[in-house]
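Participant: The structure's right below; bear with me while I get my questions together.
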Amino acid sequence: MAGQGQERASMRTVVAASSAGTAFEWYDFFIFGSLAQVISKTFFTGLPETAGYIAALALFGVGFAFRPLGALVFGKIGDQAGRKGAFLATVLLMGGATFAIAFLPTYQQAGIISPILLVLLRCVQGFALGGEYGGAAIYVAEHSPPDQRGWATSWVQTSAAFGLFGALLVILATRWALGVYVGPDAFDAWGWRIPFAVSIGLLGISVWMRMKLTESPAFEAMKAEGEASKAPYAEAFGQWKNLKLVLLAFFAMMSAQGAVWYTSFFYVQTFMEKFLKVDPVTINGLMMTATAISAIFYVVFGWLSDRIGRKPVMLGGMTLALLFYFPGFHLLERAANPALAEASARAPVVVVADPKDCSLQFDPVGKAAFVTACDIVKTALANAGVSYANQAAPVGAVASMKVGGVEVVSQSAKGLPPAQAKAVKAAVEAKIKAALVEAGYPAKADPARINRPMILAVLFVFVIAATALFGPLAAALVELFPTRVRYTALSLPYHIGTGWIGGFVPFFAFAIVTAVGDIYAGLWYPVVFTLISVLATIFFLPETKGRPLD
């Protein structure tokens, strides 16, 4: 009995240390995404409003873009030198980079140097996180009994919820404290630095907990037998038997995981803040509630996958998300900003312009001028977060906007000096805003009319979808790959899915909306990637529950 008690205690320590360390790294990563609006004002003040916001979202994605590189580097270390050392190094890198962001100069203080430094630190964050997840998931799975592997590794998945919840909690508490004791503008001016600075304490706790861990038994046994891989890259990606597993993991699981999770927990924030004009504090409170609820269901679905299998649970989650994307976001509009939904139905906006006069409203680096009459109208509507339909006008006609029986004729600023062009844009935008207000379009969501229970109900459906997919995913990935190359082979598809697909969901979805003019058009991005995984899972993914890991 004593031996069993010690074994259980050891398993608890493994799960707690691995999950807590991962949660702290997710906290470091998520505070950046949650502060995209403030980041855009602080580091991209040289860009127009919409371009600055897209740049901030793109920078959020840059961290994800570097995750596959971290996955390759730390995957090789983990497969050759051991799991523990690899993910101990990742937490040091992540914590140091996050703490440094708190002390960066603003664009006004240092000019272009400011965003360059931010990009570099964001790359370090992504590089570190690329080695974190695989190490933690594998370490826990290789300690777990086969019939409890889904449950045990689901705590690693829950760490993402704890990290996001912690990030939102610190941001909300900082906003509140500064608003009460300093002033309403203090957070945007300098208070945003506090959540980044707090990470130094979390770093110390995380390192202390991970120093107490020993190497995983599966890796120790493999190393003792002299079976550790001498060339993890060649084995993982150069041998078809392993490469096909990498491709299967990406298409069947990770395409959907990146799309579903980041739409459910991040793009909904972008959508409510930028298009529905909901107050950021309200959004933080709603997302904290949804995130707290989600923490339970990662474990529930991980446990369920130990009973009925990984494949049916994950397939159910991704299918639910696929069917609910468009209905869910339409419900969000009616619940969060009913006045906007009513105005859109009563007085739809139409842009009448010569198609040759209109550019694609996609400018992630802020270099496009957008000075034609059509571009000026569309830029103003994009900044206002209003959907519009396009109507072709005769060649050479001056673009205009129609709403509620009112027509606002635009002006062209082509060939004008920058100051005059800016004045023309401002004049047209002022007329458009006045026409929108007259037609009943709200400048902001009315707090008294926000249906919070309905928003939470919508978020709950997305939570169920995301956790059903993500809860069993760590166990399924670990069981899919052989021990010799598990760290390398698992980490790459995971971080391409979450990094390149998931991390860029807010960026691409928002950019698509800005380009097309329909606030729901961005949802086609997650729809496509989720559909790919649904089909690949149905036809190609084997059941892995209970597979031996040796």
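We label chains A, B, ... in the order they appear in the structure tokens, count residues from 1 in each chain, and number ligands from 1 in the order shown.
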Distance table requested - stretch 199-280 of chain A against stretch 162-186 of chain A, cut-off 10 Å, only C-alpha atoms: one row per qualifying residue with the closest atom pair and its distance in Å to one decimal, ordered by chain and rising residue number, as CSV.
Facilitator:
residue,atom,partner,partner_atom,distance
A:Ser199,CA,A:Ala167,CA,9.8
A:Phe265,CA,A:Leu164,CA,8.8
A:Phe266,CA,A:Leu164,CA,10.0
A:Pro280,CA,A:Leu172,CA,9.1
Participant: With a distance cut-off of 12 Å and only C-alpha atoms, select the neighbouring residues of A:Leu117, excluding the residue or stretch itself and same-chain residues fewer than 2 positions from it, and output the selection as a ChimeraX atom specification.
Facilitator: /A:43,59,97,100-107,110-115,119-124
Participant: Given the selection you just returned, output its residues as a file containing C-alpha atoms, formatted as a PDB file, in the first residue's frame.
Facilitator:
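That gives us out-v1.pdb:
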ATOM      1  CA  PHE A  43       4.205  50.360 -30.714  1.00  0.00           C
ATOM      2  CA  LEU A  59       2.781  40.405 -34.256  1.00  0.00           C
ATOM      3  CA  ALA A  97      11.533  37.550 -22.886  1.00  0.00           C
ATOM      4  CA  ALA A 100      11.835  42.294 -20.913  1.00  0.00           C
ATOM      5  CA  ILE A 101       8.722  43.443 -22.836  1.00  0.00           C
ATOM      6  CA  ALA A 102       7.636  45.352 -19.719  1.00  0.00           C
ATOM      7  CA  PHE A 103      10.586  47.717 -20.166  1.00  0.00           C
ATOM      8  CA  LEU A 104      10.505  48.369 -23.908  1.00  0.00           C
ATOM      9  CA  PRO A 105      10.367  51.993 -25.110  1.00  0.00           C
ATOM     10  CA  THR A 106       7.244  53.142 -26.966  1.00  0.00           C
ATOM     11  CA  TYR A 107       7.141  54.178 -30.632  1.00  0.00           C
ATOM     12  CA  ALA A 110      12.332  55.301 -29.785  1.00  0.00           C
ATOM     13  CA  GLY A 111      10.673  55.288 -33.208  1.00  0.00           C
ATOM     14  CA  ILE A 112      11.133  52.212 -35.363  1.00  0.00           C
ATOM     15  CA  ILE A 113      13.521  50.646 -32.798  1.00  0.00           C
ATOM     16  CA  SER A 114      10.532  50.060 -30.526  1.00  0.00           C
ATOM     17  CA  PRO A 115       8.546  47.645 -32.738  1.00  0.00           C
ATOM     18  CA  VAL A 119       9.278  41.644 -32.714  1.00  0.00           C
ATOM     19  CA  LEU A 120      12.582  40.124 -31.531  1.00  0.00           C
ATOM     20  CA  LEU A 121      11.258  39.377 -28.054  1.00  0.00           C
ATOM     21  CA  ARG A 122       8.055  37.986 -29.544  1.00  0.00           C
ATOM     22  CA  CYS A 123      10.163  35.632 -31.656  1.00  0.00           C
ATOM     23  CA  VAL A 124      12.013  34.440 -28.537  1.00  0.00           C
TER      24      VAL A 124
END
Participant: Excluding same-chain residues fewer than 5 positions from A:His495, what lies within 9 Å of it counting only C-alpha atoms, as number ranges by chain?
Facilitator: A: 64-71, 129-130, 133, 254, 258, 490, 500-501
Participant: Which neighbours of A:Leu245 fall inside 8 Å, counting only C-alpha atoms, when residues of the same chain fewer than 4 positions from it are skipped, and could you give them as an NGL selection string?
Facilitator: :A and (241 or 249 or 480-481)
Participant: Given the selection you just returned, output its residues as a file containing all heavy atoms, formatted as an mmCIF file, in the first residue's frame.
Facilitator:
data_model
loop_
_atom_site.group_PDB
_atom_site.id
_atom_site.type_symbol
_atom_site.label_atom_id
_atom_site.label_comp_id
_atom_site.auth_asym_id
_atom_site.auth_seq_id
_atom_site.Cartn_x
_atom_site.Cartn_y
_atom_site.Cartn_z
ATOM 1 N N LYS A 241 7.525 5.860 -42.671
ATOM 2 C CA LYS A 241 6.669 5.329 -41.611
ATOM 3 C C LYS A 241 6.426 6.372 -40.513
ATOM 4 O O LYS A 241 5.367 6.370 -39.873
ATOM 5 C CB LYS A 241 7.292 4.071 -41.002
ATOM 6 C CG LYS A 241 8.613 4.312 -40.277
ATOM 7 C CD LYS A 241 9.135 3.024 -39.659
ATOM 8 C CE LYS A 241 10.443 3.281 -38.886
ATOM 9 N NZ LYS A 241 10.959 2.047 -38.242
ATOM 10 N N ALA A 249 -1.003 13.618 -38.132
ATOM 11 C CA ALA A 249 -1.249 14.441 -36.945
ATOM 12 C C ALA A 249 -1.630 15.859 -37.336
ATOM 13 O O ALA A 249 -2.533 16.465 -36.743
ATOM 14 C CB ALA A 249 -0.008 14.457 -36.050
ATOM 15 N N LEU A 480 0.594 8.256 -30.861
ATOM 16 C CA LEU A 480 0.745 8.097 -32.311
ATOM 17 C C LEU A 480 2.200 7.872 -32.723
ATOM 18 O O LEU A 480 2.472 7.218 -33.731
ATOM 19 C CB LEU A 480 0.187 9.344 -33.011
ATOM 20 C CG LEU A 480 -0.054 9.276 -34.522
ATOM 21 C CD1 LEU A 480 -1.107 8.220 -34.852
ATOM 22 C CD2 LEU A 480 -0.499 10.653 -35.038
ATOM 23 N N PHE A 481 3.169 8.394 -31.919
ATOM 24 C CA PHE A 481 4.578 8.394 -32.342
ATOM 25 C C PHE A 481 5.432 7.460 -31.494
ATOM 26 O O PHE A 481 5.197 7.305 -30.295
ATOM 27 C CB PHE A 481 5.142 9.818 -32.256
ATOM 28 C CG PHE A 481 4.511 10.787 -33.217
ATOM 29 C CD1 PHE A 481 3.576 11.711 -32.785
ATOM 30 C CD2 PHE A 481 4.846 10.764 -34.560
ATOM 31 C CE1 PHE A 481 2.984 12.603 -33.655
ATOM 32 C CE2 PHE A 481 4.263 11.651 -35.445
ATOM 33 C CZ PHE A 481 3.330 12.569 -34.994
#
Participant: Could you pull the residues within 7 Å of stretch 368-375 of chain A, counting only C-alpha atoms, minus those fewer than 3 positions along the same chain, as a VMD selection string?
Facilitator: chain A and resid 353 357 to 359 363 378 to 379 398 to 399 410 to 414
Participant: Write a file of the just-selected residues containing N, CA, C and O atoms, as an mmCIF file, in the first residue's frame.
Facilitator:
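Here's the written file selection-v3.cif:
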data_model
loop_
_atom_site.group_PDB
_atom_site.id
_atom_site.type_symbol
_atom_site.label_atom_id
_atom_site.label_comp_id
_atom_site.auth_asym_id
_atom_site.auth_seq_id
_atom_site.Cartn_x
_atom_site.Cartn_y
_atom_site.Cartn_z
ATOM 1 N N ALA A 353 -19.580 52.074 -56.167
ATOM 2 C CA ALA A 353 -18.296 52.563 -56.693
ATOM 3 C C ALA A 353 -17.906 51.807 -57.955
ATOM 4 O O ALA A 353 -18.330 50.665 -58.186
ATOM 5 N N ASP A 357 -11.887 51.532 -59.056
ATOM 6 C CA ASP A 357 -11.468 52.579 -58.137
ATOM 7 C C ASP A 357 -11.188 52.023 -56.734
ATOM 8 O O ASP A 357 -10.727 52.750 -55.861
ATOM 9 N N CYS A 358 -11.475 50.725 -56.535
ATOM 10 C CA CYS A 358 -11.392 50.118 -55.196
ATOM 11 C C CYS A 358 -10.184 49.186 -55.085
ATOM 12 O O CYS A 358 -9.953 48.361 -55.964
ATOM 13 N N SER A 359 -9.445 49.314 -53.994
ATOM 14 C CA SER A 359 -8.314 48.429 -53.703
ATOM 15 C C SER A 359 -8.755 47.351 -52.717
ATOM 16 O O SER A 359 -9.771 47.478 -52.041
ATOM 17 N N ASP A 363 -3.858 45.573 -45.556
ATOM 18 C CA ASP A 363 -2.616 46.346 -45.471
ATOM 19 C C ASP A 363 -1.916 46.052 -44.148
ATOM 20 O O ASP A 363 -1.921 46.874 -43.240
ATOM 21 N N LYS A 378 -14.378 52.832 -47.852
ATOM 22 C CA LYS A 378 -14.229 51.505 -47.259
ATOM 23 C C LYS A 378 -13.336 51.515 -46.020
ATOM 24 O O LYS A 378 -13.568 50.771 -45.064
ATOM 25 N N THR A 379 -12.322 52.353 -46.042
ATOM 26 C CA THR A 379 -11.460 52.476 -44.859
ATOM 27 C C THR A 379 -12.258 53.005 -43.670
ATOM 28 O O THR A 379 -12.118 52.515 -42.545
ATOM 29 N N VAL A 398 -17.915 58.740 -59.070
ATOM 30 C CA VAL A 398 -17.336 58.973 -57.743
ATOM 31 C C VAL A 398 -18.018 58.055 -56.738
ATOM 32 O O VAL A 398 -19.254 57.958 -56.708
ATOM 33 N N ALA A 399 -17.238 57.378 -55.904
ATOM 34 C CA ALA A 399 -17.783 56.423 -54.939
ATOM 35 C C ALA A 399 -18.648 57.121 -53.898
ATOM 36 O O ALA A 399 -18.416 58.288 -53.549
ATOM 37 N N SER A 410 -18.201 60.419 -51.606
ATOM 38 C CA SER A 410 -16.806 60.485 -51.174
ATOM 39 C C SER A 410 -16.025 61.485 -52.022
ATOM 40 O O SER A 410 -16.555 62.122 -52.940
ATOM 41 N N GLN A 411 -14.756 61.618 -51.714
ATOM 42 C CA GLN A 411 -13.830 62.451 -52.476
ATOM 43 C C GLN A 411 -12.541 61.669 -52.702
ATOM 44 O O GLN A 411 -12.186 60.805 -51.907
ATOM 45 N N SER A 412 -11.844 61.991 -53.744
ATOM 46 C CA SER A 412 -10.550 61.372 -53.985
ATOM 47 C C SER A 412 -9.443 62.256 -53.434
ATOM 48 O O SER A 412 -9.527 63.490 -53.496
ATOM 49 N N ALA A 413 -8.418 61.613 -52.887
ATOM 50 C CA ALA A 413 -7.262 62.352 -52.375
ATOM 51 C C ALA A 413 -6.005 62.025 -53.174
ATOM 52 O O ALA A 413 -4.888 62.317 -52.729
ATOM 53 N N LYS A 414 -6.202 61.447 -54.333
ATOM 54 C CA LYS A 414 -5.045 61.081 -55.166
ATOM 55 C C LYS A 414 -4.284 62.323 -55.609
ATOM 56 O O LYS A 414 -4.883 63.317 -56.019
#
Participant: Leaving out A:Trp151 and any residue of its chain fewer than 6 positions from it, which residues lie within 9 Å of it when counting only C-alpha atoms, given as a ChimeraX atom specification?
Facilitator: /A:298-306,471-472,475
Participant: So that each row is one residue of stretch 290-391 of chain A with an atom at most 8 Å from stretch 461-469 of chain A, can you give its shortest atom pair and the distance in Å to one decimal, using only C-alpha atoms, rows by chain and rising number, as JSON lines?
Facilitator:
{"residue": "A:Ala290", "atom": "CA", "partner": "A:Val463", "partner_atom": "CA", "distance": 7.0}
{"residue": "A:Thr291", "atom": "CA", "partner": "A:Val463", "partner_atom": "CA", "distance": 7.8}
{"residue": "A:Ile293", "atom": "CA", "partner": "A:Val463", "partner_atom": "CA", "distance": 7.9}
{"residue": "A:Ser294", "atom": "CA", "partner": "A:Val463", "partner_atom": "CA", "distance": 5.7}
{"residue": "A:Phe297", "atom": "CA", "partner": "A:Thr467", "partner_atom": "CA", "distance": 5.9}
{"residue": "A:Tyr298", "atom": "CA", "partner": "A:Thr467", "partner_atom": "CA", "distance": 5.0}
{"residue": "A:Phe301", "atom": "CA", "partner": "A:Ala468", "partner_atom": "CA", "distance": 5.5}
{"residue": "A:Gly302", "atom": "CA", "partner": "A:Ala468", "partner_atom": "CA", "distance": 7.9}
{"residue": "A:Val313", "atom": "CA", "partner": "A:Ala468", "partner_atom": "CA", "distance": 5.8}
{"residue": "A:Met314", "atom": "CA", "partner": "A:Leu469", "partner_atom": "CA", "distance": 4.1}
{"residue": "A:Leu315", "atom": "CA", "partner": "A:Leu469", "partner_atom": "CA", "distance": 7.0}
{"residue": "A:Gly316", "atom": "CA", "partner": "A:Ala468", "partner_atom": "CA", "distance": 7.0}
{"residue": "A:Gly317", "atom": "CA", "partner": "A:Ala465", "partner_atom": "CA", "distance": 4.1}
{"residue": "A:Met318", "atom": "CA", "partner": "A:Ala465", "partner_atom": "CA", "distance": 6.1}
{"residue": "A:Thr319", "atom": "CA", "partner": "A:Ala465", "partner_atom": "CA", "distance": 7.8}
{"residue": "A:Leu320", "atom": "CA", "partner": "A:Ala465", "partner_atom": "CA", "distance": 5.7}
{"residue": "A:Ala321", "atom": "CA", "partner": "A:Ala465", "partner_atom": "CA", "distance": 5.4}
{"residue": "A:Phe324", "atom": "CA", "partner": "A:Phe462", "partner_atom": "CA", "distance": 7.9}
Participant: Go ahead and dump the residues you just picked, all heavy atoms, as a compact mmCIF listing (two decimals), in the first residue's frame.
Facilitator:
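Saved as result.txt:
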# COMPACT_ATOMS: atom_id res chain seq x y z
N ALA A 290 -15.75 32.17 -19.22
CA ALA A 290 -15.71 31.05 -20.17
C ALA A 290 -14.45 30.21 -19.99
O ALA A 290 -14.50 28.97 -20.05
CB ALA A 290 -15.78 31.59 -21.60
N THR A 291 -13.33 30.87 -19.73
CA THR A 291 -12.06 30.16 -19.57
C THR A 291 -12.07 29.32 -18.29
O THR A 291 -11.56 28.19 -18.27
CB THR A 291 -10.89 31.15 -19.54
OG1 THR A 291 -10.92 31.93 -20.74
CG2 THR A 291 -9.56 30.43 -19.46
N ILE A 293 -14.68 28.01 -16.88
CA ILE A 293 -15.54 26.85 -17.16
C ILE A 293 -14.78 25.81 -17.99
O ILE A 293 -14.88 24.61 -17.75
CB ILE A 293 -16.82 27.29 -17.90
CG1 ILE A 293 -17.68 28.17 -16.99
CG2 ILE A 293 -17.62 26.09 -18.39
CD1 ILE A 293 -18.85 28.84 -17.70
N SER A 294 -14.00 26.30 -18.94
CA SER A 294 -13.29 25.37 -19.84
C SER A 294 -12.31 24.48 -19.10
O SER A 294 -12.06 23.34 -19.52
CB SER A 294 -12.56 26.16 -20.94
OG SER A 294 -11.37 26.76 -20.44
N PHE A 297 -13.61 21.06 -18.37
CA PHE A 297 -13.97 20.16 -19.45
C PHE A 297 -12.77 19.55 -20.17
O PHE A 297 -12.91 18.49 -20.80
CB PHE A 297 -14.89 20.90 -20.45
CG PHE A 297 -16.28 21.08 -19.90
CD1 PHE A 297 -16.65 22.27 -19.29
CD2 PHE A 297 -17.20 20.04 -19.97
CE1 PHE A 297 -17.92 22.42 -18.77
CE2 PHE A 297 -18.47 20.20 -19.45
CZ PHE A 297 -18.84 21.38 -18.85
N TYR A 298 -11.59 20.16 -20.09
CA TYR A 298 -10.41 19.49 -20.63
C TYR A 298 -10.24 18.13 -19.93
O TYR A 298 -9.98 17.11 -20.58
CB TYR A 298 -9.15 20.32 -20.39
CG TYR A 298 -9.08 21.60 -21.18
CD1 TYR A 298 -9.28 22.83 -20.57
CD2 TYR A 298 -8.82 21.59 -22.54
CE1 TYR A 298 -9.22 24.01 -21.27
CE2 TYR A 298 -8.75 22.76 -23.27
CZ TYR A 298 -8.96 23.97 -22.63
OH TYR A 298 -8.90 25.13 -23.34
N PHE A 301 -13.20 15.60 -20.79
CA PHE A 301 -13.08 14.95 -22.10
C PHE A 301 -11.82 14.09 -22.18
O PHE A 301 -11.80 13.09 -22.92
CB PHE A 301 -13.11 15.99 -23.21
CG PHE A 301 -14.47 16.58 -23.44
CD1 PHE A 301 -14.71 17.93 -23.24
CD2 PHE A 301 -15.52 15.77 -23.84
CE1 PHE A 301 -15.97 18.47 -23.45
CE2 PHE A 301 -16.79 16.30 -24.05
CZ PHE A 301 -17.01 17.65 -23.85
N GLY A 302 -10.76 14.46 -21.45
CA GLY A 302 -9.60 13.58 -21.39
C GLY A 302 -9.96 12.26 -20.73
O GLY A 302 -9.58 11.18 -21.20
N VAL A 313 -14.22 11.45 -29.43
CA VAL A 313 -14.32 12.67 -28.62
C VAL A 313 -13.79 13.86 -29.42
O VAL A 313 -14.44 14.92 -29.49
CB VAL A 313 -13.55 12.52 -27.29
CG1 VAL A 313 -13.63 13.81 -26.48
CG2 VAL A 313 -14.13 11.36 -26.48
N MET A 314 -12.62 13.72 -30.02
CA MET A 314 -12.04 14.82 -30.79
C MET A 314 -12.89 15.15 -32.02
O MET A 314 -13.10 16.32 -32.36
CB MET A 314 -10.61 14.49 -31.21
CG MET A 314 -9.64 14.39 -30.05
SD MET A 314 -7.89 14.26 -30.56
CE MET A 314 -7.92 12.70 -31.44
N LEU A 315 -13.39 14.13 -32.70
CA LEU A 315 -14.22 14.35 -33.88
C LEU A 315 -15.49 15.09 -33.51
O LEU A 315 -15.94 15.99 -34.24
CB LEU A 315 -14.56 13.01 -34.55
CG LEU A 315 -15.41 13.08 -35.82
CD1 LEU A 315 -14.68 13.87 -36.91
CD2 LEU A 315 -15.73 11.68 -36.31
N GLY A 316 -16.08 14.76 -32.36
CA GLY A 316 -17.27 15.46 -31.90
C GLY A 316 -17.01 16.94 -31.66
O GLY A 316 -17.82 17.80 -32.03
N GLY A 317 -15.84 17.25 -31.07
CA GLY A 317 -15.51 18.65 -30.80
C GLY A 317 -15.32 19.46 -32.06
O GLY A 317 -15.88 20.56 -32.20
N MET A 318 -14.56 18.93 -33.00
CA MET A 318 -14.30 19.72 -34.22
C MET A 318 -15.55 19.84 -35.09
O MET A 318 -15.76 20.87 -35.74
CB MET A 318 -13.12 19.12 -35.00
CG MET A 318 -13.30 17.73 -35.53
SD MET A 318 -11.83 17.12 -36.44
CE MET A 318 -10.71 16.69 -35.08
N THR A 319 -16.41 18.83 -35.09
CA THR A 319 -17.65 18.90 -35.86
C THR A 319 -18.61 19.92 -35.27
O THR A 319 -19.26 20.69 -36.00
CB THR A 319 -18.33 17.52 -35.92
OG1 THR A 319 -17.42 16.56 -36.47
CG2 THR A 319 -19.58 17.56 -36.77
N LEU A 320 -18.70 19.95 -33.93
CA LEU A 320 -19.55 20.95 -33.28
C LEU A 320 -19.10 22.36 -33.63
O LEU A 320 -19.92 23.23 -33.95
CB LEU A 320 -19.50 20.75 -31.75
CG LEU A 320 -20.25 21.79 -30.91
CD1 LEU A 320 -21.74 21.82 -31.26
CD2 LEU A 320 -20.04 21.51 -29.41
N ALA A 321 -17.79 22.61 -33.58
CA ALA A 321 -17.27 23.94 -33.93
C ALA A 321 -17.60 24.29 -35.38
O ALA A 321 -18.05 25.41 -35.68
CB ALA A 321 -15.77 23.99 -33.71
N PHE A 324 -21.11 25.38 -35.77
CA PHE A 324 -21.55 26.50 -34.93
C PHE A 324 -20.84 27.82 -35.23
O PHE A 324 -21.25 28.86 -34.71
CB PHE A 324 -21.34 26.14 -33.45
CG PHE A 324 -22.07 27.05 -32.49
CD1 PHE A 324 -23.47 27.12 -32.49
CD2 PHE A 324 -21.37 27.82 -31.58
CE1 PHE A 324 -24.14 27.96 -31.60
CE2 PHE A 324 -22.03 28.65 -30.69
CZ PHE A 324 -23.43 28.73 -30.70
Participant: What's the separation between atom CA of A:Ser206 and atom CA of A:Gly21, in Å to one decimal place?
Facilitator: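 Computed distance, atom CA of A:Ser206 to atom CA of A:Gly21, equals 4.9 Å.
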Participant: Return as a PyMOL selection string the full set of residues in stretch 275-459 of chain A whose backbone-based DSSP assignment is strand (DSSP E or B).
Facilitator: chain A and resi 350-353+389-392+400-403+406-409
Participant: For the contact check between stretch 317-380 of chain A and stretch 519-536 of chain A, emit one row per residue of stretch 317-380 of chain A within 12 Å, containing the shortest atom pair and the distance in Å rounded to one decimal, counting only C-alpha atoms, chain then rising number order, as CSV.
Facilitator:
residue,atom,partner,partner_atom,distance
A:Gly317,CA,A:Val534,CA,9.6
A:Met318,CA,A:Thr530,CA,6.5
A:Thr319,CA,A:Val534,CA,6.6
A:Leu320,CA,A:Thr530,CA,10.1
A:Ala321,CA,A:Thr530,CA,7.9
A:Leu322,CA,A:Val527,CA,6.0
A:Leu323,CA,A:Val527,CA,8.9
A:Phe324,CA,A:Val527,CA,9.8
A:Tyr325,CA,A:Leu523,CA,6.9
A:Phe326,CA,A:Leu523,CA,7.1
A:Pro327,CA,A:Tyr520,CA,10.2
A:Gly328,CA,A:Tyr520,CA,10.6
A:Phe329,CA,A:Tyr520,CA,7.5
A:His330,CA,A:Tyr520,CA,8.0
A:Leu331,CA,A:Tyr520,CA,11.6
A:Leu332,CA,A:Tyr520,CA,11.1
A:Glu333,CA,A:Ile519,CA,10.0
A:Leu340,CA,A:Ile519,CA,11.7
A:Ala341,CA,A:Ile519,CA,11.5
A:Ser344,CA,A:Ile519,CA,11.2
Participant: With only C-alpha atoms as the atoms that count, which of A:Gln125, A:Thr214, A:Ser40, A:Thr45 lies nearest to A:Met11?
Facilitator: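 Ranked by minimum distance to A:Met11, first place goes to A:Thr214.
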Participant: Calculated over only C-alpha atoms, which of the candidates A:Leu276, A:Leu436, A:Ala343, A:Gln391 has the smallest distance to A:Pro355?
Facilitator: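 The answer is A:Gln391, which sits nearest to A:Pro355.
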